[in-house]
Structure formats: structure tokens, C-alpha cells
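Structure first, then comments.
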Amino acid sequence: MSNFSPGTGALISTVEVATQATIDAAVASAQAAFPAWSALSGAERGRILTRAAVLIREYNSEMSLLESVDAGIPVSETEFVQVLGGADCFEYYGGLASNACVTGQMMDTPHAGGHKDSFCYTRREPLGVCAGIGAWNYPVLVMSWKVAPALACGNTFVYKPSECTPLTALKIAEILKEAGLPDGVFNVVVGDRTTGPMLTRHSDVKKLSFTGSTETGIRIVKEAAETLKKVTMELGGKSPLLVFEDADVDNAVGAAMMSNWYTQGEICSNATRVFVHKSVKEEFVRKLVERTKQLKVGDPLDPSTHVGAMIMPPDNKTGHMDRVVGYIERAKADPRNKLILGGNTHTIEVAGGKGGSGNEGCYVEPTIFECSDDNSELVKEEVFGPVMSILEFEDEADAVERANDTVYGLGAGIMTNNLARAHRVAKQFQSGNVWINNYNLTPSEMPFGGYGMSGYGRECGTYAIDNYTQIKNVYVEMGDVDSSCYP
Ligand code: NAD
């Protein structure tokens, strides 16, 4: 399978697609490693994960370059946010490992007729072999959010990165080994869309954590049901950002930019529906357009680039860009939308492209539409590119209702200086994540996940421990067995 660089269109690697035998071998290797890994103390496991965090930071330049070449994300993002975010995640769960599995509850269970000193306690125990299937949009983070908590809890792991971005998962496997992770505890299998189902169906895989589209997620849930696998679903979104009349407009513009242009718009939680109060809309749009015009779209490896290249799938290099452009062209033709900036693809000259000319990357300009109807295709569907819809509102209750009018529920944001309004609206959002006066920040401590068609289960924070442990209850009788009902 070919692996192309979105920035240039150049072939960067050729990857062997895993067969069923490869998957079986990876799962068997993880299963063989499980008894010894799960028997280590949490502190021993945590030490290895913490060492991995240190190494990821040491390899930041190499890792961020790999991530930018592979995923098209500007190196200014991969170097300062995404690789370091992966390191933070390993550090966080390294610190938590000695708590993650042992914390349970103790409950006194006295009841009428004796048993006055009996009690129960719970133990959190690992599940065994867990698997992860990842999306391509921020590969190091998608993987770290699954692997770090799973290993902290004493599970072993088989990870399949997206066919578009296999490189950094392989590098993290090397780093974990260098950090002292025993053989077999973490395994990477690379492949295409035929590979994931082999993990979903595998009877020795006890848990599957998936990040990707809602459509694929539904297919996986159905297949995983055959083996009653536990699943976590991190799926798509079409999130709202509400800018109220009392907001700091400059901050609101910053938040709208962070929630649309970051990673060239390829972020699941992006607030692509920006609802702006009528009284500040003119100022908001003017400032947004002014700042967006200054963005540099181009070579992901150029440190001055703000907006990188659209992902390049192995079987259809321009497939994702074409899909995004299709949304833009249909939106342009729809009288309910007014294009106010961008709307074009973009070509650049990058050394190293095909034939040396290097203008074969996939680039789309940051694009802004003002939209008059919440029900247009552009406002309803996930585009997964740098395309923002601006909508006007006048009334808080109406804005909240419109914000919630989506099948998704991954993120939502509110920009306001009114404390009571901020929390009132946060409570009403039908969404797994709410940001007040900012957007898209995802520290490792913060649980992340969706409502509705955006999925279920939570990654990150202590909540992720639920994904990777099962609870055993132990009842302890301190007195005699009361069998007086029998002769
Ligand atoms: P995708 O669903 O096309 O693919 C995701 C992964 O699933 C890939 O590794 C792919 O090989 C694998 N896959 C495909 N078909 C499969 C099957 N039948 N069984 C098992 N595995 C299968 O998604 P994508 O295009 O890689 O990613 C973009 C999507 O991911 C967007 O919808 C985005 O919103 C979502 N996403 C969600 C989050 C989140 O945390 N909620 C984060 C990032 C991306």
C-alpha cells in the first residue's frame, strides 16, 4: 500500500497490508504478554510510561516532522501541540497507573437477620488484549489517548493506525520499547480498511476503541456485538460556537479561528457553525476576515505555515480534498449561503514533489460563508476541512435551540462575559464537551467524548479508566452462614 505526503503528493513509504495471519500473530503476542504485564505493580508500569513521555519529548523534532509529512499538518502545530500532547498523555497515565487499577470502593453490607459485619469491596481489573483503530487527523494524539490509559491499567494492546498515516504509530512503538516496555505489550498493525474488521471480529480482543467517522463507527458496533466486545466510539461532529453581544469580540474571533483553521479544519470537535449575535456580527466578521486573510496556506514543513495540506488517502490521492471542494461548490451555488472569503483550492511550489516541481499537494483556502438557513447541506453536514459557516441570532434561547439542532454532540462553545449566561448555556448544550471563552483545548486531564451520533465513552482524564478496566465485586462474610431457612 502506498503512503503519500499530503504536502507534495510524493510517495513517502510503501506499507505491507496486514493479513489475517498478521493480526492473529499480533493478538497472540499481546495475549502472551498480558499475564506478566498485568502482574506488575502500577508503579512499575507507570515508570515505563513516564519514561516514554520523556523520550517522546526528546524525539519531538523527528516525530513532528514525521507527523507533518504524513498527515499534512503544519509543523508549527505538530511540534508545539500534538507530539507534546502525546507525551503529556503518557506522563499523565504514567502518574495514574498506581491508582488506576487498584482504586475500588468498600461498602458495609449489614442487613436484618445478622451479617452485621459483612462488607463488599470492588477491584478494578484489566480486560486483557485491547485494540485501537485510529483516524488520520491527529495521529499521535488519537493513539496516545487509547494506548496510554490501557497500558496503565495493565492491558496489552494492538493498534491499527489509519491507512493514510501509519508512520508515527510505528515510531511510538519503537519509543515504548526503548522506554523498557516488554515485548508483546504494544503491537502496531498497519493496513487498509480491510484490516480494522479483523480486529473488530477477533474473539481474543476484549475491548475496541475507535476514532473515525460515524458511518464506520456504526459498522464496527454491529460487528463487535458478535463477540460482545466493549467499545468506545469517538466519532464525527458539527459543533456550534455561540458569540454573544457581551463577548470580547477579539477573543471570539480567536476562538472561531482556533475552531476552524487548526489542522486545516480536519478536527472532529471543530465549531464549524459559528452563531453570532446580530449586534456584533459586522465587527466579528470584519475582524475575522482581516485576520484570516493573513494566514499562510502552504507547505506543512515550513514553520511559518498556518494552514497545511488536506489528507491524501492511498487509494485516491485527491479524494478528501475533492469531497471538501464538493461541499464548497454546492454551498456557493446555494442562494442560502454567501461566500465571504476563500472558496478555492490552492497550489504551492514545494521542493520534492513529483518531478521536482512539487505542486501536487492538496490545499484548500480557509473559507467563510454567511448562511441564512440552518438546514442547508453546509450547515448540517460534517465537511472536515477549513470551511466555516456564520449564522446570526438575536435571542439566547433560540440560539441554544439551533445549536442543539444536530445529530452530533461532540463540542460546543460559548463566548460571553456574563458568568450566569455562560453556565446556563453550558448546561443546556447537548454535547460531551463545552468550552467557555475558548475552544478546542484538550488537556489530558479532561474527559473527551460525544453525545448522540458523536459516539460514547470518554477518553482522557480518570474517566478513561472505565474503558480499560472491569469491576470485580468481592463479598466478605465476617460471621456465620445464616442457613436457618433450611433444615
Ligand atoms: P474512517 O471512519 O474512514 O476511518 C477510521 C479508521 O477506521 C481507519 O483506520 C480505517 O482504516 C478504519 N476502518 C474503516 N472501515 C472499517 C471497518 N469496517 N471496520 C474497522 N475499521 C475500519 O475515518 P477517517 O476518515 O479516518 O477520520 C475522519 C473521521 O474521524 C471524521 O468523521 C472525524 O470527525 C472523526 N474523528 C473523531 C474524533 C473524536 O475524538 N471524536 C477524533 C478524530 C476524528
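If you're wondering about the labels, chains in the C-alpha cells are A, B, ... by order shown, residues count from 1 in each chain, ligands from 1 in order shown.
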For this session: Please provide the set of residues having any atom within 9 Å of Pro240 (chain A), restricted to only C-alpha atoms, with same-chain residues fewer than 3 positions apart removed, written as a list in words.
Result: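 That gives Asn270, Ala271, Thr272, Arg273, Val274, Phe275, Arg402, Ala403, Asn404, Gly411, Ala412, Gly413 and Ile414 of chain A.
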For this session: Could you please extract the residues within 7 Å of ligand 1, counting only C-alpha atoms and all ligand atoms, and hand them back as a VMD selection string?
Result: chain A and resid 133 to 138 142 160 to 163 192 to 197 200 211 to 217 219 to 220 234 to 237 267 to 269 384 410 449 to 450 454
For this session: Extract, using only C-alpha atoms, all DNA, RNA and protein residues at most 10 Å from Ser13 (chain A), discarding same-chain residues fewer than 5 positions from it, and format them as a PyMOL selection string.
Result: chain A and resi 1-5+70+166-167
Written file, previous selection with N, CA and C atoms, as an mmCIF file, in the first residue's frame:
```
data_model
loop_
_atom_site.group_PDB
_atom_site.id
_atom_site.type_symbol
_atom_site.label_atom_id
_atom_site.label_comp_id
_atom_site.auth_asym_id
_atom_site.auth_seq_id
_atom_site.Cartn_x
_atom_site.Cartn_y
_atom_site.Cartn_z
ATOM 1 N N MET A 1 0.852 -1.189 0.000
ATOM 2 C CA MET A 1 0.000 0.000 0.000
ATOM 3 C C MET A 1 0.891 1.243 0.000
ATOM 4 N N SER A 2 0.532 2.238 -0.838
ATOM 5 C CA SER A 2 1.346 3.449 -0.932
ATOM 6 C C SER A 2 0.943 4.444 0.150
ATOM 7 N N ASN A 3 1.945 5.165 0.609
ATOM 8 C CA ASN A 3 1.687 6.205 1.603
ATOM 9 C C ASN A 3 2.217 7.523 1.047
ATOM 10 N N PHE A 4 1.297 8.478 0.815
ATOM 11 C CA PHE A 4 1.677 9.730 0.169
ATOM 12 C C PHE A 4 1.734 10.874 1.175
ATOM 13 N N SER A 5 2.572 11.854 0.854
ATOM 14 C CA SER A 5 2.630 13.052 1.684
ATOM 15 C C SER A 5 1.634 14.082 1.154
ATOM 16 N N ASP A 70 3.404 13.071 7.037
ATOM 17 C CA ASP A 70 2.416 12.005 6.865
ATOM 18 C C ASP A 70 0.982 12.535 6.823
ATOM 19 N N PRO A 166 0.428 5.941 8.703
ATOM 20 C CA PRO A 166 0.955 4.842 9.522
ATOM 21 C C PRO A 166 2.241 5.179 10.292
ATOM 22 N N LEU A 167 2.900 6.317 9.998
ATOM 23 C CA LEU A 167 4.293 6.458 10.422
ATOM 24 C C LEU A 167 4.518 6.698 11.917
#
```
For this session: Using only C-alpha atoms, find the one residue out of A:Lys238, A:His202, A:Lys230, A:Lys222 that sits nearest to Asp466 (chain A).
Result: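 Of all the options, A:Lys230 lies closest to Asp466 (chain A).
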Exercise. Quick one: distance from CA of Asn438 (chain A) to CA of Glu396 (chain A) in Å, one decimal?
Worked result: 18.7 Å
Exercise. What's the 12 Å shell around Leu141 (chain A), counting only C-alpha atoms, without same-chain residues fewer than 5 positions away, as a PyMOL selection string?
Worked result: chain A and resi 56+63-64+67+78+81-90+134-136+146-148+161+168-169+172+211+267+442-444+459-460
For this session: Please give the complete set of residues from region 79-219 of chain A that DSSP, run on the backbone, assigns to helix (DSSP H, G or I), formatted as a count of residues only.
Result: 60
For this session: Using only C-alpha atoms, find the one residue out of A:Met478, A:Leu199, A:Ala422, A:Val324 that sits nearest to Ala224 (chain A).
Result: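 Checking each of A:Met478, A:Leu199, A:Ala422, A:Val324 against Ala224 (chain A), counting only C-alpha atoms, the winner is A:Leu199.
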Exercise. When distances are computed from only C-alpha atoms, which of A:Ile73, A:Val249, A:Cys362, A:Ile328 shows the smallest separation from Val140 (chain A)?
Worked result: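 Among the listed residues, A:Ile73 lies closest to Val140 (chain A).
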For this session: Rank A:Gly104, A:Ile348, A:Tyr475, A:Tyr439 by their smallest atom-to-atom distance to Val253 (chain A), using only C-alpha atoms, and report the top residue only.
Result: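 When distances to Val253 (chain A) are compared using only C-alpha atoms, the smallest one comes from A:Tyr439.
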